[in-house]
file input-v5.txt (compact mmCIF, C-alpha atoms)
# COMPACT_ATOMS: atom_id res chain seq x y z
CA MET A 1 -15.33 14.78 -4.77
CA LYS A 2 -12.06 13.56 -3.31
CA LYS A 3 -9.50 12.06 -5.63
CA ILE A 4 -8.14 8.86 -4.07
CA ASN A 5 -5.42 6.47 -5.17
CA VAL A 6 -5.00 2.98 -3.80
CA ILE A 7 -1.50 1.68 -4.47
CA GLY A 8 -0.27 -1.87 -3.95
CA LEU A 9 3.50 -2.09 -3.50
CA GLY A 10 5.70 -5.15 -3.73
CA ASN A 11 7.31 -7.73 -5.92
CA ILE A 12 4.99 -10.64 -6.74
CA LEU A 13 7.99 -12.82 -7.60
CA PHE A 14 9.09 -12.98 -3.95
CA GLY A 15 6.26 -14.67 -2.04
CA ASP A 16 4.66 -12.44 0.57
CA GLU A 17 6.47 -9.40 -0.85
CA GLY A 18 3.56 -9.41 -3.33
CA PHE A 19 0.98 -8.83 -0.58
CA GLY A 20 0.35 -5.20 -1.54
CA VAL A 21 -0.27 -5.94 -5.20
CA GLU A 22 -2.61 -8.85 -4.37
CA ALA A 23 -4.53 -6.80 -1.79
CA VAL A 24 -5.20 -3.99 -4.28
CA LYS A 25 -6.42 -6.45 -6.93
CA ARG A 26 -8.86 -8.00 -4.47
CA LEU A 27 -10.04 -4.64 -3.14
CA GLU A 28 -10.69 -3.33 -6.64
CA LYS A 29 -12.96 -6.32 -7.37
CA GLU A 30 -14.99 -5.52 -4.25
CA CYS A 31 -15.32 -1.80 -4.94
CA VAL A 32 -17.53 -2.01 -8.00
CA GLY A 33 -19.70 1.09 -8.10
CA PHE A 34 -17.17 3.32 -6.36
CA PRO A 35 -16.73 6.70 -8.12
CA ASP A 36 -14.17 7.16 -10.89
CA THR A 37 -12.21 9.42 -8.53
CA VAL A 38 -10.91 6.24 -6.85
CA GLN A 39 -8.06 4.61 -8.80
CA PHE A 40 -6.48 1.24 -8.05
CA ILE A 41 -2.81 1.00 -8.99
CA ASP A 42 -0.51 -2.00 -9.15
CA GLY A 43 2.57 -0.08 -8.01
CA GLY A 44 4.78 -3.15 -7.95
CA THR A 45 8.37 -1.96 -7.69
CA GLN A 46 8.02 1.17 -9.83
CA GLY A 47 9.69 3.55 -7.37
CA ILE A 48 9.94 7.15 -8.62
CA TYR A 49 7.35 6.47 -11.32
CA LEU A 50 4.72 6.39 -8.56
CA LEU A 51 5.38 9.98 -7.48
CA ASP A 52 2.56 11.47 -9.56
CA TYR A 53 0.11 8.94 -8.11
CA ILE A 54 1.06 10.24 -4.66
CA GLU A 55 1.22 13.97 -5.40
CA SER A 56 -1.98 14.23 -7.46
CA VAL A 57 -4.56 13.07 -4.91
CA ASP A 58 -6.42 14.19 -1.80
CA ALA A 59 -6.13 10.81 -0.09
CA LEU A 60 -3.81 7.84 -0.48
CA LEU A 61 -4.23 4.23 0.63
CA ILE A 62 -1.14 2.06 0.35
CA TYR A 63 -0.80 -1.69 0.78
CA ASP A 64 2.64 -3.19 1.41
CA ALA A 65 4.34 -6.14 3.04
CA ILE A 66 6.01 -4.26 5.84
CA ILE A 67 9.25 -5.12 7.58
CA PRO A 68 10.38 -6.24 10.15
CA SER A 69 9.19 -9.77 9.60
CA GLU A 70 9.45 -10.62 13.31
CA PHE A 71 6.39 -8.46 14.04
CA ASP A 72 3.24 -10.32 15.05
CA ARG A 73 1.42 -11.80 12.07
CA GLN A 74 -1.46 -9.36 11.90
CA VAL A 75 -2.74 -6.47 9.81
CA TYR A 76 -1.15 -3.14 10.73
CA ILE A 77 -2.73 0.21 9.88
CA TYR A 78 -0.77 3.44 10.06
CA ARG A 79 -2.21 6.89 9.34
CA ASN A 80 -0.39 10.09 8.36
CA ASP A 81 2.16 10.88 11.10
CA GLU A 82 1.97 7.31 12.45
CA LEU A 83 3.77 5.96 9.37
CA PRO A 84 6.68 3.93 10.76
CA ALA A 85 10.31 4.79 10.22
CA PHE A 86 11.04 1.31 8.81
CA ILE A 87 9.09 1.90 5.59
CA HIS A 88 12.36 3.09 4.07
CA ARG A 89 13.37 -0.42 2.99
CA LYS A 90 13.80 -1.14 -0.70
CA MET A 91 14.19 -4.32 -2.73
CA SER A 92 16.98 -2.74 -4.77
CA SER A 93 19.40 0.16 -4.38
CA HIS A 94 18.10 1.49 -7.70
CA GLN A 95 14.58 1.96 -6.39
CA MET A 96 13.02 4.79 -4.49
CA GLY A 97 11.08 3.49 -1.50
CA LEU A 98 7.85 4.80 0.00
CA SER A 99 9.70 6.92 2.54
CA GLU A 100 11.68 8.70 -0.18
CA LEU A 101 8.56 9.18 -2.32
CA LEU A 102 6.73 10.83 0.58
CA SER A 103 9.78 13.01 1.28
CA VAL A 104 9.86 14.24 -2.32
CA ALA A 105 6.11 14.93 -2.18
CA ARG A 106 6.74 16.98 0.98
CA LEU A 107 9.48 18.96 -0.78
CA HIS A 108 7.02 19.68 -3.59
CA ALA A 109 4.33 20.60 -1.00
CA LYS A 110 2.04 18.00 -2.61
CA VAL A 111 1.43 15.52 0.21
CA PRO A 112 -2.11 14.10 0.28
CA ASP A 113 -4.28 15.25 3.21
CA ASP A 114 -4.80 11.64 4.26
CA ILE A 115 -2.32 8.78 3.91
CA VAL A 116 -3.03 5.30 5.24
CA LEU A 117 -0.65 2.36 5.03
CA ILE A 118 -2.06 -1.14 5.50
CA GLY A 119 0.61 -3.77 5.85
CA VAL A 120 1.47 -7.20 7.12
CA PRO A 121 4.85 -8.70 7.99
CA PRO A 122 5.94 -11.22 5.36
CA LYS A 123 6.35 -14.85 6.34
CA ASN A 124 8.00 -16.16 3.17
CA LEU A 125 10.10 -14.14 0.70
CA GLU A 126 11.34 -17.01 -1.45
CA LEU A 127 11.41 -16.59 -5.22
CA GLY A 128 8.32 -17.98 -6.94
CA SER A 129 6.61 -19.12 -3.76
CA GLY A 130 3.41 -17.05 -3.99
CA ILE A 131 1.52 -15.69 -0.99
CA SER A 132 2.05 -17.89 2.08
CA PRO A 133 -0.98 -19.43 3.84
CA VAL A 134 -0.27 -17.23 6.89
CA VAL A 135 -0.44 -14.00 4.87
CA GLU A 136 -3.33 -15.31 2.75
CA LYS A 137 -5.42 -15.49 5.95
CA LEU A 138 -4.64 -11.81 6.66
CA LEU A 139 -5.60 -10.65 3.15
CA ARG A 140 -9.35 -10.83 3.90
CA GLU A 141 -9.01 -8.51 6.91
CA ALA A 142 -6.67 -6.17 5.00
CA VAL A 143 -9.15 -5.85 2.13
CA ASP A 144 -12.08 -5.29 4.52
CA LYS A 145 -10.16 -2.56 6.37
CA GLY A 146 -9.24 -0.94 3.07
CA LYS A 147 -12.86 -0.84 1.97
CA GLN A 148 -13.83 0.80 5.29
CA ILE A 149 -11.07 3.39 4.91
CA LEU A 150 -12.04 4.17 1.31
CA THR A 151 -15.67 4.63 2.35
CA ALA A 152 -14.56 6.99 5.14
CA PHE A 153 -12.36 8.94 2.68
CA LEU A 154 -15.32 9.35 0.33
CA ASN A 155 -17.73 10.37 3.09
CA GLY A 156 -15.31 12.60 4.98
call {"tool": "encode", "arguments": {"input": "input-v5.txt", "output": "structure tokens"}}
result
Amino acid sequence: MKKINVIGLGNILFGDEGFGVEAVKRLEKECVGFPDTVQFIDGGTQGIYLLDYIESVDALLIYDAIIPSEFDRQVYIYRNDELPAFIHRKMSSHQMGLSELLSVARLHAKVPDDIVLIGVPPKNLELGSGISPVVEKLLREAVDKGKQILTAFLNG
């Protein structure tokens, strides 16, 4: 059976930057009965500490508030080679972003067979503001898409 990690990235202290973490929490609640080979991880802003979660699986589903914020307010899904160049952004110069993590996994020849990024552009990144109503509306679709992708990973 495929080993799958679902990682939510982001900083919950900065409004919509916490989208990824919130999406994974909601998805996990809806995936009761899924096999133990599916793990749900609050990746927060852990950077390099997430490398093993990336390198140790067959498939990877990542949720993140993607930049640029001027993109249309909708759910974006990128698979494998479609992953956008702009995922290199970081909240701090001391962190390793998703792009760097995937590059290190490539150097180690431990890239998952399937990688899917589900993201939305943030509307509000103010400290302590919580998820904005605009992004809250997109969370339902993002969670539904994630459940469909997980099911496909497990059946594929």
call {"tool": "residues_around", "arguments": {"input": "input-v5.txt", "residues": "Asp36 in chain A", "least_positions_apart": "6", "cutoff": "10 Å", "atoms": "only C-alpha atoms", "output": "list of chain:residue names"}}
result
A:Met1, A:Lys3, A:Ile4
call {"tool": "closest_residue", "arguments": {"input": "input-v5.txt", "among": "A:Gly156, A:Pro133, A:Pro112, A:Gly146", "to": "Arg26 in chain A", "atoms": "all atoms listed in the file"}}
result
A:Gly146
call {"tool": "closest_residue", "arguments": {"input": "input-v5.txt", "among": "A:Lys110, A:Asp42, A:Asp81, A:Ile62", "to": "Asn11 in chain A", "atoms": "only C-alpha atoms"}}
result
A:Asp42
call {"tool": "axis_aligned_box", "arguments": {"input": "input-v5.txt", "around": "range 125-139 of chain A", "padding_each_side": "5 Å", "output": "lines of an AutoDock Vina configuration file"}}
result
center_x = 2.9
center_y = -15.0
center_z = 0.0
size_x = 27.0
size_y = 18.8
size_z = 23.8
call {"tool": "closest_residue", "arguments": {"input": "input-v5.txt", "among": "A:Ile12, A:Leu101, A:Phe153, A:Gly119", "to": "Tyr49 in chain A", "atoms": "all atoms listed in the file"}}
result
A:Leu101
call {"tool": "residues_around", "arguments": {"input": "input-v5.txt", "residues": "Leu27 in chain A", "least_positions_apart": "2", "cutoff": "12 Å", "atoms": "only C-alpha atoms", "output": "JSON, numbers by chain"}}
result
{"A": [6, 7, 8, 20, 21, 22, 23, 24, 25, 29, 30, 31, 32, 34, 38, 39, 40, 41, 42, 61, 62, 63, 139, 140, 141, 142, 143, 144, 145, 146, 147, 148, 149, 150]}
call {"tool": "atom_distance", "arguments": {"input": "input-v5.txt", "atom1": "CA of Gly10 in chain A", "atom2": "CA of Glu55 in chain A"}}
result
19.7 Å
call {"tool": "atom_distance", "arguments": {"input": "input-v5.txt", "atom1": "CA of Ser56 in chain A", "atom2": "CA of Val116 in chain A"}}
result
15.6 Å
call {"tool": "closest_residue", "arguments": {"input": "input-v5.txt", "among": "A:Asp114, A:Asp72, A:Phe14, A:Lys2", "to": "Ser132 in chain A", "atoms": "all atoms listed in the file"}}
result
A:Phe14
call {"tool": "atom_distance", "arguments": {"input": "input-v5.txt", "atom1": "CA of Leu125 in chain A", "atom2": "CA of Gly15 in chain A"}}
result
4.7 Å
call {"tool": "residues_near_point", "arguments": {"input": "input-v5.txt", "point": "(-2.6, 13.9, 5.0)", "cutoff": "8 Å", "atoms": "all atoms listed in the file", "output": "list in words"}}
result
Asp58, Ala59, Asn80, Val111, Pro112, Asp113, Asp114 and Ile115 of chain A
call {"tool": "residues_near_point", "arguments": {"input": "input-v5.txt", "point": "(4.4, -6.7, 3.7)", "cutoff": "8 Å", "atoms": "all atoms listed in the file", "output": "list of chain:residue names"}}
result
A:Gly10, A:Asp16, A:Glu17, A:Gly18, A:Phe19, A:Gly20, A:Tyr63, A:Asp64, A:Ala65, A:Ile66, A:Ile67, A:Gly119, A:Val120, A:Pro121, A:Pro122
call {"tool": "closest_residue", "arguments": {"input": "input-v5.txt", "among": "A:Leu13, A:Ile131, A:Glu28, A:Pro35", "to": "Asn155 in chain A", "atoms": "all atoms listed in the file"}}
result
A:Pro35
